[in-house]
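Colleague: Data file final_15.cif (mmCIF, C-alpha atoms and all ligand atoms) is appended below.
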```cif
data_query
loop_
_atom_site.label_atom_id
_atom_site.label_comp_id
_atom_site.auth_asym_id
_atom_site.auth_seq_id
_atom_site.Cartn_x
_atom_site.Cartn_y
_atom_site.Cartn_z
CA MET A 28 23.07 0.69 -2.23
CA ASP A 29 20.48 2.44 -0.11
CA ILE A 30 19.25 0.97 3.16
CA GLY A 31 15.50 0.98 3.54
CA LYS A 32 12.44 -1.07 4.27
CA CYS A 33 11.88 -3.84 1.73
CA LYS A 34 8.26 -3.80 0.61
CA LEU A 35 8.01 -7.60 0.59
CA CYS A 36 9.73 -8.79 3.80
CA LEU A 37 9.34 -5.40 5.55
CA LYS A 38 12.89 -5.67 6.97
CA GLU A 39 15.45 -2.88 6.96
CA LYS A 40 17.93 -4.01 4.34
CA GLU A 41 20.01 -2.92 1.40
CA LEU A 42 17.60 -2.30 -1.45
CA LEU A 43 18.23 -3.08 -5.08
CA LYS A 44 18.66 -0.35 -7.68
CA GLN A 45 16.61 -2.37 -10.14
CA SER A 46 13.70 -4.68 -9.43
CA HIS A 47 11.76 -5.63 -12.50
CA ILE A 48 8.04 -5.08 -12.35
CA ILE A 49 7.49 -6.98 -15.58
CA PRO A 50 10.15 -9.69 -15.64
CA LYS A 51 12.40 -9.68 -18.68
CA PHE A 52 11.58 -13.25 -19.69
CA MET A 53 8.05 -12.16 -20.53
CA TYR A 54 9.39 -10.35 -23.54
CA LYS A 55 12.56 -12.35 -23.85
CA GLU A 56 12.63 -12.72 -27.62
CA ILE A 57 12.68 -8.97 -28.00
CA TYR A 58 16.08 -8.92 -26.38
CA GLU A 59 17.32 -12.00 -28.19
CA ASN A 60 16.19 -11.12 -31.68
CA ASN A 61 16.59 -7.41 -31.34
CA SER A 62 13.41 -7.13 -33.33
CA MET A 63 11.16 -4.12 -33.44
CA VAL A 64 8.86 -3.86 -30.50
CA TYR A 65 6.22 -1.35 -29.62
CA PHE A 66 5.56 -0.10 -26.16
CA GLU A 67 2.51 2.03 -25.62
CA PRO A 68 2.80 4.75 -24.66
CA SER A 69 6.36 4.94 -25.96
CA THR A 70 8.03 7.66 -23.97
CA ASP A 71 11.63 6.63 -24.18
CA TYR A 72 11.78 3.70 -26.52
CA SER A 73 15.52 3.03 -26.54
CA LYS A 74 15.83 3.14 -22.77
CA ILE A 75 12.92 0.77 -22.17
CA ILE A 76 14.21 -1.77 -24.64
CA GLN A 77 17.48 -2.03 -22.70
CA THR A 78 16.16 -2.20 -19.20
CA GLY A 79 12.50 -3.14 -19.25
CA TYR A 80 10.22 -1.80 -16.59
CA PHE A 81 11.74 -1.64 -13.16
CA ASP A 82 11.62 0.31 -9.96
CA LYS A 83 14.39 1.14 -7.52
CA ASN A 84 14.58 0.78 -3.74
CA ILE A 85 11.51 -1.43 -3.39
CA LEU A 86 12.94 -4.92 -2.76
CA CYS A 87 15.94 -6.44 -1.02
CA LYS A 88 18.18 -8.93 -2.79
CA ASP A 89 16.66 -11.97 -1.06
CA CYS A 90 13.08 -11.04 -1.93
CA ASP A 91 13.89 -10.11 -5.52
CA GLY A 92 16.26 -12.98 -6.23
CA SER A 93 15.00 -15.82 -4.04
CA VAL A 94 11.34 -15.28 -3.22
CA ILE A 95 10.12 -13.74 -6.49
CA GLY A 96 13.06 -15.16 -8.46
CA LYS A 97 11.94 -18.75 -7.74
CA LEU A 98 8.46 -18.03 -9.06
CA GLU A 99 9.87 -16.34 -12.15
CA ASP A 100 12.23 -19.21 -12.78
CA TYR A 101 9.41 -21.74 -12.83
CA VAL A 102 7.09 -19.63 -14.97
CA SER A 103 9.82 -18.74 -17.47
CA ARG A 104 10.57 -22.44 -17.99
CA PHE A 105 6.86 -23.12 -18.26
CA PHE A 106 6.45 -20.55 -21.02
CA TYR A 107 9.78 -20.95 -22.76
CA GLY A 108 10.68 -24.57 -22.31
CA GLY A 109 12.82 -26.51 -19.91
CA ARG A 110 12.69 -29.80 -18.12
CA LEU A 111 9.28 -29.54 -16.60
CA ASP A 112 6.85 -32.42 -16.51
CA ILE A 113 4.02 -30.63 -18.23
CA SER A 114 1.79 -31.97 -20.95
CA LEU A 115 0.54 -29.29 -23.30
CA LYS A 116 -2.71 -29.86 -25.11
CA LYS A 117 -4.61 -27.66 -27.48
CA PHE A 118 -8.31 -28.03 -27.99
CA VAL A 119 -11.27 -26.08 -29.21
CA LYS A 120 -13.94 -25.21 -26.73
CA LYS A 121 -17.49 -24.48 -27.81
CA GLY A 122 -16.42 -24.06 -31.42
CA LYS A 123 -15.36 -20.49 -30.81
CA LEU A 124 -12.34 -20.45 -28.59
CA ASP A 125 -9.07 -22.29 -29.01
CA VAL A 126 -7.83 -23.06 -25.57
CA ILE A 127 -4.33 -24.16 -24.73
CA CYS A 128 -4.34 -26.39 -21.72
CA ALA A 129 -1.29 -27.43 -19.75
CA GLU A 130 -1.64 -30.13 -17.16
CA ASN A 131 0.53 -31.14 -14.19
CA VAL A 132 1.55 -27.57 -13.61
CA ASP A 133 2.72 -26.26 -10.26
CA TYR A 134 -0.48 -24.42 -9.43
CA LYS A 135 0.95 -22.74 -6.35
CA LYS A 136 3.93 -21.20 -8.15
CA ILE A 137 1.98 -19.92 -11.16
CA LYS A 138 -0.74 -18.43 -8.98
CA LEU A 139 1.80 -16.68 -6.75
CA PHE A 140 3.71 -15.46 -9.80
CA LEU A 141 0.58 -13.89 -11.30
CA LEU A 142 -0.22 -12.23 -7.97
CA SER A 143 3.37 -11.00 -7.70
CA LEU A 144 3.01 -9.31 -11.09
CA ILE A 145 0.00 -7.25 -10.11
CA TRP A 146 1.37 -6.65 -6.59
CA ARG A 147 4.64 -5.30 -7.97
CA ALA A 148 2.77 -3.08 -10.43
CA SER A 149 0.59 -1.74 -7.63
CA ILE A 150 3.43 -0.88 -5.22
CA SER A 151 5.63 0.53 -7.99
CA ASN A 152 6.19 4.23 -8.43
CA ASN A 153 7.11 3.75 -12.07
CA LYS A 154 4.58 5.84 -13.97
CA PHE A 155 4.02 3.11 -16.55
CA PHE A 156 2.00 1.35 -13.80
CA SER A 157 0.20 4.44 -12.55
CA GLU A 158 -3.26 2.99 -13.28
CA VAL A 159 -2.61 -0.13 -11.21
CA LYS A 160 -3.70 0.66 -7.66
CA ILE A 161 -5.26 -2.34 -5.94
CA GLY A 162 -5.33 -0.62 -2.54
CA ALA A 163 -3.56 -1.21 0.76
CA THR A 164 -5.79 -4.12 1.82
CA TYR A 165 -5.15 -6.20 -1.29
CA GLU A 166 -1.49 -5.20 -1.37
CA GLU A 167 -1.06 -6.52 2.19
CA ILE A 168 -2.98 -9.76 1.56
CA MET A 169 -0.89 -10.45 -1.54
CA ARG A 170 2.37 -9.49 0.19
CA LYS A 171 1.70 -12.09 2.89
CA PHE A 172 0.77 -14.76 0.37
CA ILE A 173 4.01 -14.18 -1.55
CA ILE A 174 6.45 -13.93 1.38
CA GLU A 175 4.82 -16.84 3.21
CA ASN A 176 4.71 -18.94 0.04
CA GLU A 177 1.07 -19.84 0.53
CA VAL A 178 -1.30 -21.89 -1.57
CA VAL A 179 -3.82 -19.29 -2.72
CA SER A 180 -7.38 -20.17 -3.67
CA ASP A 181 -8.12 -19.99 -7.40
CA ASN A 182 -11.08 -17.69 -6.81
CA PHE A 183 -8.88 -15.05 -5.14
CA CYS A 184 -8.04 -12.39 -7.77
CA PRO A 185 -8.31 -14.80 -10.72
CA CYS A 186 -6.52 -14.03 -13.97
CA VAL A 187 -7.75 -14.92 -17.46
CA ILE A 188 -4.97 -15.13 -20.03
CA ILE A 189 -5.36 -14.69 -23.79
CA SER A 190 -2.49 -15.14 -26.20
CA TYR A 191 -2.38 -13.05 -29.37
CA ARG A 192 1.10 -14.25 -30.17
CA GLU A 193 0.03 -15.75 -33.48
CA HIS A 194 -0.76 -12.23 -34.62
CA GLU A 195 2.61 -10.90 -35.75
CA HIS A 196 2.01 -7.24 -34.98
CA LEU A 197 0.51 -7.92 -31.52
CA LYS A 198 3.30 -10.30 -30.56
CA LYS A 199 5.64 -7.34 -30.44
CA MET A 200 3.31 -5.13 -28.47
CA THR A 201 3.38 -4.23 -24.79
CA ARG A 202 0.84 -1.76 -23.51
CA GLN A 203 0.45 0.30 -20.40
CA PRO A 204 -1.63 -1.68 -17.85
CA ALA A 205 -5.14 -0.28 -17.54
CA GLN A 206 -7.94 -0.41 -15.01
CA VAL A 207 -11.26 -1.88 -16.18
CA LYS A 208 -14.75 -2.50 -14.84
CA PHE A 209 -16.47 -5.81 -15.46
CA ASN A 210 -19.94 -6.30 -16.87
CA PHE A 211 -22.62 -7.05 -14.28
CA SER A 212 -20.20 -6.56 -11.43
CA SER A 213 -18.91 -3.81 -9.20
CA LYS A 214 -15.46 -5.40 -9.21
CA THR A 215 -12.40 -3.67 -10.54
CA GLY A 216 -9.93 -5.34 -12.82
CA TYR A 217 -6.64 -4.68 -14.52
CA VAL A 218 -5.52 -5.61 -17.99
CA PHE A 219 -1.86 -6.19 -18.74
CA PHE A 220 -0.79 -6.69 -22.36
CA ILE A 221 2.77 -7.99 -22.44
CA ALA A 222 4.45 -9.14 -25.67
CA GLY A 223 1.20 -10.29 -27.22
CA VAL A 224 -0.31 -11.89 -24.13
CA LYS A 225 -3.22 -10.32 -22.31
CA TYR A 226 -3.61 -10.90 -18.55
CA ILE A 227 -6.97 -9.90 -17.14
CA PHE A 228 -7.06 -9.77 -13.35
CA LYS A 229 -10.22 -9.40 -11.34
CA ILE A 230 -9.74 -7.87 -7.90
CA THR A 231 -11.94 -9.89 -5.61
CA LYS A 232 -11.49 -12.03 -2.53
CA LYS A 233 -13.87 -14.72 -3.77
CA GLU A 234 -14.81 -14.81 -7.42
CA ASN A 235 -17.97 -16.78 -8.15
CA ASP A 236 -18.59 -15.98 -11.82
CA SER A 237 -18.28 -19.39 -13.44
CA ILE A 238 -17.52 -17.95 -16.88
CA PHE A 239 -14.48 -16.18 -15.53
CA LEU A 240 -13.40 -19.13 -13.42
CA ASN A 241 -13.75 -21.55 -16.35
CA PHE A 242 -10.90 -19.82 -18.08
CA THR A 243 -8.47 -19.39 -15.27
CA LEU A 244 -5.81 -21.37 -13.48
CA ASN A 245 -7.48 -24.24 -11.70
CA SER A 246 -6.29 -25.58 -8.37
CA ASP A 247 -8.35 -28.79 -8.45
CA ASN A 248 -6.51 -30.46 -11.28
CA ASN A 249 -3.44 -28.22 -11.62
CA ARG A 250 -4.59 -27.13 -15.04
CA PHE A 251 -3.38 -23.97 -16.66
CA LEU A 252 -5.60 -22.55 -19.38
CA MET A 253 -4.73 -19.92 -21.91
CA ILE A 254 -7.14 -18.77 -24.60
CA GLN A 255 -5.47 -18.73 -28.00
CA ALA A 256 -6.77 -15.89 -30.11
CA ASN A 257 -7.51 -17.21 -33.59
CA GLU A 258 -8.35 -15.04 -36.58
CA LYS A 259 -12.03 -15.05 -35.60
CA LEU A 260 -11.35 -13.83 -32.10
CA ARG A 261 -11.24 -10.09 -32.09
CA GLU A 262 -8.79 -8.35 -29.86
CA ASP A 263 -11.59 -6.97 -27.76
CA PHE A 264 -13.22 -10.36 -27.16
CA ILE A 265 -12.82 -10.19 -23.42
CA THR A 266 -13.92 -6.60 -23.43
CA ASP A 267 -17.17 -7.66 -25.05
CA ASN A 268 -17.71 -10.63 -22.80
CA PHE A 269 -16.47 -9.69 -19.39
CA ILE A 270 -15.64 -6.08 -19.20
CA ASN A 271 -17.46 -2.82 -19.54
CA ILE A 272 -14.70 -0.23 -19.82
ZN ZN B 301 12.96 -8.29 1.43
#
```
What would you get if you wrote out this structure as structure tokens?

Modeller:
Amino acid sequence: MDIGKCKLCLKEKELLKQSHIIPKFMYKEIYENNSMVYFEPSTDYSKIIQTGYFDKNILCKDCDGSVIGKLEDYVSRFFYGGRLDISLKKFVKKGKLDVICAENVDYKKIKLFLLSLIWRASISNNKFFSEVKIGATYEEIMRKFIIENEVVSDNFCPCVIISYREHEHLKKMTRQPAQVKFNFSSKTGYVFFIAGVKYIFKITKKENDSIFLNFTLNSDNNRFLMIQANEKLREDFITDNFINI
């Protein structure tokens, strides 16, 4: 192992050869079912399928396994089952969107997990994440939030999540994260599309667009919302409504 400065705790430590930028559980069934999956752009398909997207010499074992690992553990059980006291509800909002709502979630952990995803992508040198550059200021704010295990406000870098997992071909798709601009706003955002789930982050210290905030993780009532794409919802719904690419 190489000794170097861990990008999360900033201590001189042994650094891991592999730290996942997109955790494996997010496309877990691909590994389990060995089914066909499409990564775009697909540079080295067989290699990616074995290892996922990782970077080397960025995190120490404690930060990767304990700090980020704890967040990943909770979120993976949240998405894929486990003994969590969460009630899942599905309802239709405004006749157009199916929204999955989970209550009693651990707001703090999910929020920090989502921030850790975009933070890892931003600090990574893996070229798959080359478009994700949130800048030194945001990287440092997020680093402190994650290492200090803070409760982060829901209007800091909110993330809207849309699931396309009921669409068979999209369920197997992971795309290169892309930078986007939002309609009526100078803010930058990033779109991740991982195994049929789209994560739209807005980079802002204090979001006040109620439309965006209505569909994001909510700290008041520990509600987690995910838009379920039905057959009427086109893949570019969010593009039409929030983003001007
Ligand atoms: Zn560390």

Colleague: Name the closest residue to Lys83 (chain A) among the candidates A:Leu35, A:Met28, A:Ser157, A:Val102; distances are taken between atoms, counting only C-alpha atoms.

Modeller: A:Met28

Colleague: Around ligand ZN 301 (chain B), which protein and nucleic acid residues have at least one atom no more than 7 Å from it, if we count all atoms listed in the file? List them as a list in words.

Modeller: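 Final answer, ordered by chain and number: Cys33, Lys34, Leu35, Cys36, Leu37, Lys38, Leu86, Cys87, Lys88, Asp89 and Cys90 of chain A.
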
Colleague: Go through A:Ile161, A:Ile30, A:Met53, A:Ser237 one by one, measure the shortest atom-to-atom distance of each to Met200 (chain A) using only C-alpha atoms, and give the residue with the smallest value.

Modeller: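 Under the stated criterion, the closest residue is A:Met53.
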
Colleague: Tell me which of A:Lys214, A:Ile48, A:Phe220, A:Phe106 sits closest to Val132 (chain A), counting all atoms listed in the file.

Modeller: A:Phe106

Colleague: Between A:Pro185, A:Gly96, A:Gly79, A:Gly31, which one has atoms that come closest to Leu240 (chain A), using all atoms listed in the file?

Modeller: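 Using all atoms listed in the file, the shortest distance to Leu240 (chain A) belongs to A:Pro185.
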
Colleague: Rank A:Phe239, A:Val94, A:Gly223, A:Trp146 by their smallest atom-to-atom distance to His196 (chain A), using all atoms listed in the file, and report the top residue only.

Modeller: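 Smallest separation from His196 (chain A) among the options: A:Gly223.
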
Colleague: If you measure from CA of Arg192 (chain A) to CA of Asp236 (chain A), what distance in Å do you get, rounded to one decimal?

Modeller: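 Computed distance, CA of Arg192 (chain A) to CA of Asp236 (chain A), equals 27.0 Å.
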
Colleague: For Tyr80 (chain A), find every residue with an atom within 9 Å (counting only C-alpha atoms), except residues of its own chain fewer than 6 positions away, and show them as number ranges by chain.

Modeller: A: 46-51, 153, 155

Colleague: Could you work out how far CA of Ile145 (chain A) lies from CA of Met169 (chain A), giving the answer in Å with one decimal?

Modeller: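 We find that CA of Met169 (chain A) and CA of Ile145 (chain A) lie 9.2 Å from each other.
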
Colleague: Please, what distance in Å, to one decimal, runs between CA of Gln45 (chain A) and CA of Ala148 (chain A)?

Modeller: 13.9 Å

Colleague: (13.4, -17.9, -7.4) in this file's frame - what residues fall within 12 Å of it? Use all atoms listed in the file and give the answer as JSON, numbers by chain.

Modeller: {"A": [88, 89, 90, 91, 92, 93, 94, 95, 96, 97, 98, 99, 100, 101, 102, 103, 104, 136, 139, 140, 173, 174, 176]}

Colleague: Which residues come within 12 Å of Ala163 (chain A), counting only C-alpha atoms, excluding same-chain residues fewer than 3 positions away, as a count of residues only?

Modeller: 9

Colleague: Given all atoms listed in the file as the basis, pick out the residue of A:Ser190, A:Thr231, A:Ser143, A:Ser212 nearest to Leu252 (chain A).

Modeller: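 Answer, going by the shortest atom-to-atom distance: A:Ser190.
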